[in-house]
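Peer 1: Have a look at the structure that comes next, please.
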Amino acid sequence: MRIDEMTIDQLLELNDVICQRIDELKEQETLQALSQLRVGLKVTFETREGPAFGIVTKINRKTVIVLAENGTTQYKISPELLKPLHEVK
């Protein structure tokens with residue numbers, strides 16, 4: 001199958017299949033990352049200002065709430081972006 005020989009309808013159908021597969025892979029990645037986290041776990045992550053540290057305070061379906069080490073700032077972060085502190089070398 002050559003893409004340059006496909007009709008618009010065929011391309012749109014192919015696009016739907018590709019987008020669905022991407023969504024499935026992203027969901028698997030999120031679930032895998034969530035399985036490594038628990039409330040109270042110390043984690044590290046990147047912010048615009050550089051590396052940051054915090055504690056997981058809440059785990060949602062697609063995001064994690066992290067209380068920064070300063071105790072006042074909260075971040076809502078995708079679980080794939082968090083690394084448990086014991087894994088940091």
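Chain labels run A, B, ... following the order of the structure tokens; each chain numbers its residues from 1, and ligands are numbered from 1 in the order shown.
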Could you pull out the residues in chain A that DSSP calls strand (DSSP E) from the backbone, as a ChimeraX atom specification?

Peer 2: /A:42-47,50-59,64-68,74-77,83-84

Peer 1: Env of region 60-66 of chain A: 7 Å cut, atoms = only C-alpha atoms, seq-sep filter 4 positions within chain, self excluded. Answer as JSON, numbers by chain.

Peer 2: {"A": [30, 54, 55, 56, 74, 75, 76, 77, 78, 79]}

Peer 1: Using only C-alpha atoms, which residues sit within 6 Å of Phe53 (chain A) once same-chain residues fewer than 6 positions away are excluded, as a PyMOL selection string?

Peer 2: chain A and resi 43-44+68-69

Peer 1: Can you pull out the residues contacting Met1 (chain A)? Cut-off 12 Å, using only C-alpha atoms, and skip same-chain residues under 4 positions away; I want them as a list in words.

Peer 2: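 That gives Glu5, Met6, Thr7, Gln10, Leu11 and Leu14 of chain A.
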
Peer 1: Create the file for the chosen residues now, containing N, CA and C atoms and written as a compact mmCIF listing (two decimals), in the first residue's frame.

Peer 2:
```txt
# COMPACT_ATOMS: atom_id res chain seq x y z
N GLU A 5 -0.91 6.81 -3.38
CA GLU A 5 -1.94 6.25 -4.25
C GLU A 5 -3.29 6.13 -3.54
N MET A 6 -3.35 6.54 -2.27
CA MET A 6 -4.58 6.39 -1.48
C MET A 6 -5.51 7.57 -1.71
N THR A 7 -6.81 7.28 -1.58
CA THR A 7 -7.81 8.35 -1.68
C THR A 7 -7.88 9.10 -0.35
N GLN A 10 -9.46 6.90 2.28
CA GLN A 10 -8.53 5.89 2.79
C GLN A 10 -7.50 6.52 3.74
N LEU A 11 -7.03 7.69 3.39
CA LEU A 11 -6.07 8.38 4.25
C LEU A 11 -6.69 8.77 5.58
N LEU A 14 -6.97 5.63 7.65
CA LEU A 14 -5.63 5.28 8.15
C LEU A 14 -5.24 6.21 9.29
```

Peer 1: Just the number, please: distance in Å from CA of Pro51 (chain A) to CA of Ala33 (chain A), one decimal.

Peer 2: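 So the answer is 18.8 Å.
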
Peer 1: What's the separation between CA of Ile22 (chain A) and CA of Glu80 (chain A), in Å to one decimal place?

Peer 2: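 Spanning CA of Ile22 (chain A) to CA of Glu80 (chain A) is a straight-line distance of 15.3 Å.
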
Peer 1: Hey, which of A:Val39, A:Leu12, A:Glu29, A:Lys58 ends up closest to Leu81 (chain A)? Count only C-alpha atoms.

Peer 2: A:Glu29

Peer 1: Rounded to one decimal in Å, what is the spacing between CA of Ile18 (chain A) and CA of Leu34 (chain A)?

Peer 2: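 CA of Ile18 (chain A) sits 24.4 Å away from CA of Leu34 (chain A).
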
Peer 1: Where in region 19-52 of chain A does DSSP assign alpha helix (DSSP H), given as a PDB file with C-alpha atoms, in the first residue's frame?

Peer 2:
```pdb
ATOM      1  CA  CYS A  19      -4.362   8.084  16.198  1.00  0.00           C
ATOM      2  CA  GLN A  20      -6.204   5.318  18.055  1.00  0.00           C
ATOM      3  CA  ARG A  21      -2.988   3.276  18.356  1.00  0.00           C
ATOM      4  CA  ILE A  22      -1.061   6.310  19.614  1.00  0.00           C
ATOM      5  CA  ASP A  23      -3.733   6.914  22.262  1.00  0.00           C
ATOM      6  CA  GLU A  24      -3.540   3.258  23.360  1.00  0.00           C
ATOM      7  CA  LEU A  25       0.252   3.412  23.691  1.00  0.00           C
ATOM      8  CA  LYS A  26       0.098   6.660  25.662  1.00  0.00           C
ATOM      9  CA  GLU A  27      -2.493   5.167  28.011  1.00  0.00           C
ATOM     10  CA  GLN A  28      -0.294   2.104  28.581  1.00  0.00           C
ATOM     11  CA  GLU A  29       2.655   4.383  29.342  1.00  0.00           C
ATOM     12  CA  THR A  30       0.568   6.398  31.816  1.00  0.00           C
ATOM     13  CA  LEU A  31      -0.711   3.271  33.585  1.00  0.00           C
ATOM     14  CA  GLN A  32       2.817   1.879  33.841  1.00  0.00           C
ATOM     15  CA  ALA A  33       4.083   5.155  35.327  1.00  0.00           C
ATOM     16  CA  LEU A  34       1.129   5.349  37.752  1.00  0.00           C
ATOM     17  CA  SER A  35       1.832   1.826  38.991  1.00  0.00           C
TER      18      SER A  35
END
```
